[in-house]
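The block underneath contains the structure these notes are about, expressed in structure tokens.
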Amino acid sequence: MDKKFNTSFDNSAKYYDWASQSKVNKPFHFVVSRALFGIMAVKNGNFVSEIPESVKQIKGPAVIASTHRSWLDIPYFVQATERADLRYARPVAKDSLFKSNFLALVFHKLGAVAVDRKQPNFEGINKSFGSFLDAGNSINAFTEGTRVKSDTRTVLQPKKTAFHLALRHEVPIVPLAIAGVAVDDKRSPLWFGKPIVAVMGSPIYLPPLIEGDDRTVQKFIFSQTRERLVELHIAQQTCLDEAYNIRDNY
């Protein structure tokens, strides 16, 4: 394994080959995630999560499909997935977070893998994140594809990549939305104001991947995406509406 890829990202097949073999540094993840969450709790107030039992009963990996309103989403979705017993989920992260060698090292130790949003290496993404799912690791993906800065209570149509991963590797998709982190959400320190609220929806189970030639499989994936991506979109919007309802009435 080429060690230089611990601190660099070049969107190459070699990077994703390395990433597919990488692991979460669990002690580092434990310390950093809790320290960051503690800082956020002091600064932004209490954190409330609503996680259905159907999510906690998932046996094996899942694709967590999250909304994205701020960098603050990162420590909170880590806490939400940990509370849901989907531990050490591997985040899909934008490449700009990996420009610094130090930050790249930190994010890689936390289990994140970089993705170039403008020119995504789909083959590499499928290989690395697919290997995580096959090894029993969940993945976290901001499925809207960008950080939403306006009309923040409306969920954008989810992108297909995370859905395809779930379908190809036969794992459930768990919708997740977080209220209180958007630029127009008011926050208060030390539990004096409204909390940050994370809501997960019931898992979406997809049908088994059919056998056949590439054309047959691709046709099946296309038909499932067309039919079920709408279901994911509705589920994410429901989660976001519920998260804001809890927050607004707290």
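A note on labels: chains of the structure tokens are A, B, ... as shown, every chain counts residues from 1, and ligands are counted from 1 in their shown order.
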
All helix (DSSP H, G or I) positions in range 35-167 of chain A, as a count of residues only: 58

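Distance annotation: of A:Leu176, A:Arg228, A:Gln237, A:Ser8, the residue with the minimal separation from Phe102 in chain A is A:Ser8; atom set is only C-alpha atoms.
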
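Of the listed residues A:Val155, A:Asp248, A:Ala182, A:Thr216, the one whose atoms come nearest to Ile234 in chain A is A:Val155, with distances taken using only C-alpha atoms.
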
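Residues in contact with Ser128 in chain A at 8 Å, where only C-alpha atoms are counted and same-chain residues fewer than 4 positions away are skipped, are listed as Tyr16, Asp17, Ala19, Ser20, Gln21, Gly124 and Phe132 of chain A.
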
Contacts of Thr152 in chain A at 12 Å (only C-alpha atoms; same-chain gap of 6+ positions) as a CSV table (one decimal) with N, CA and C atoms, in the first residue's frame:
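Printed below is around-v5.csv as written:
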```csv
chain,number,residue,atom,x,y,z
A,67,THR,N,-29.1,14.9,4.6
A,67,THR,CA,-29.2,16.3,4.1
A,67,THR,C,-27.9,17.0,4.4
A,68,HIS,N,-27.7,18.2,3.8
A,68,HIS,CA,-26.5,18.9,4.0
A,68,HIS,C,-26.7,20.4,4.0
A,69,ARG,N,-26.6,21.1,5.2
A,69,ARG,CA,-26.8,22.5,5.3
A,69,ARG,C,-25.6,23.3,5.8
A,70,SER,N,-24.6,22.6,6.4
A,70,SER,CA,-23.5,23.3,7.0
A,70,SER,C,-22.4,22.3,7.3
A,144,GLU,N,-27.8,15.1,-1.5
A,144,GLU,CA,-28.2,16.2,-2.3
A,144,GLU,C,-27.1,16.7,-3.2
A,146,THR,N,-24.6,18.7,-2.7
A,146,THR,CA,-24.1,20.1,-2.4
A,146,THR,C,-24.6,20.6,-1.1
A,177,ALA,N,-32.0,13.6,8.4
A,177,ALA,CA,-32.0,15.0,8.3
A,177,ALA,C,-31.7,15.7,9.6
A,178,ILE,N,-31.0,16.8,9.5
A,178,ILE,CA,-30.6,17.6,10.7
A,178,ILE,C,-31.1,19.0,10.6
A,179,ALA,N,-31.8,19.4,11.7
A,179,ALA,CA,-32.4,20.8,11.8
A,179,ALA,C,-31.6,21.6,12.8
A,180,GLY,N,-31.3,22.9,12.5
A,180,GLY,CA,-30.6,23.7,13.4
A,180,GLY,C,-29.2,24.1,13.0
A,181,VAL,N,-28.8,23.6,11.9
A,181,VAL,CA,-27.4,23.9,11.4
A,181,VAL,C,-27.3,24.8,10.2
A,182,ALA,N,-28.5,25.1,9.7
A,182,ALA,CA,-28.5,26.0,8.5
A,182,ALA,C,-28.1,27.5,8.9
A,183,VAL,N,-27.7,28.2,7.9
A,183,VAL,CA,-27.2,29.6,8.1
A,183,VAL,C,-28.3,30.5,8.8
A,184,ASP,N,-29.6,30.2,8.5
A,184,ASP,CA,-30.7,31.0,9.0
A,184,ASP,C,-31.3,30.4,10.3
A,185,ASP,N,-30.7,29.3,10.8
A,185,ASP,CA,-31.2,28.8,12.1
A,185,ASP,C,-30.5,29.4,13.3
A,237,GLN,N,-37.4,14.4,3.1
A,237,GLN,CA,-38.2,15.6,3.4
A,237,GLN,C,-39.0,15.4,4.6
A,240,LEU,N,-36.7,15.9,7.6
A,240,LEU,CA,-36.4,17.3,7.8
A,240,LEU,C,-37.6,18.0,8.4
A,241,ASP,N,-38.8,17.8,7.9
A,241,ASP,CA,-40.0,18.4,8.4
A,241,ASP,C,-40.1,18.1,9.9
A,244,TYR,N,-37.5,19.8,12.2
A,244,TYR,CA,-37.8,21.2,12.4
A,244,TYR,C,-39.1,21.4,13.3
```

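Compared by their closest atoms to Leu110 in chain A, and using only C-alpha atoms, the residues A:Tyr88, A:Phe220, A:Phe129, A:Tyr76 rank with A:Tyr88 nearest.
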
Contacts of Val78 in chain A at 10 Å (only C-alpha atoms; same-chain gap of 4+ positions) as a PyMOL selection string: chain A and resi 29+33-34+37+73-74+82-84+86-91+140

Minimum-distance residue to Val55 in chain A, chosen among A:Ala13, A:Val174, A:Pro189, A:Leu167 (using only C-alpha atoms): A:Val174

Residues near Asn126 in chain A, cut-off 10 Å, only C-alpha atoms, skip fewer than 5 positions along chain, as a list in words: Tyr16, Ser20, Asn121, Ser131, Phe132, Thr161, Ala162, His164, Leu165 and Arg168 of chain A

Those selected residues, please, written with C-alpha atoms and delivered as a PDB file, in the first residue's frame.
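Done, and the output landed in again.pdb:
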```
ATOM      1  CA  TYR A  16      -9.332   4.616  -4.558  1.00  0.00           C
ATOM      2  CA  SER A  20     -10.705   0.491  -0.498  1.00  0.00           C
ATOM      3  CA  ASN A 121     -14.344   8.974 -10.517  1.00  0.00           C
ATOM      4  CA  SER A 131     -15.681  -2.590  -0.550  1.00  0.00           C
ATOM      5  CA  PHE A 132     -16.663  -0.870   2.701  1.00  0.00           C
ATOM      6  CA  THR A 161     -24.554   7.407  -6.546  1.00  0.00           C
ATOM      7  CA  ALA A 162     -25.418   6.411  -2.961  1.00  0.00           C
ATOM      8  CA  HIS A 164     -26.755   2.712  -6.695  1.00  0.00           C
ATOM      9  CA  LEU A 165     -24.280   1.592  -4.040  1.00  0.00           C
ATOM     10  CA  ARG A 168     -25.628  -3.072  -5.968  1.00  0.00           C
TER      11      ARG A 168
END
```

Test item: residues at most 12 Å from Ser12 in chain A, only C-alpha atoms, excluding those fewer than 6 positions along its chain, as an MDAnalysis selection string: chainID A and resid 5 18:19 114:116 119:125 128

Given only C-alpha atoms as the counted atoms, nearest of A:Ile58, A:Ile173, A:Ala80, A:Ile246 to Tyr205 in chain A: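 Smallest separation from Tyr205 in chain A among the options: A:Ile173.
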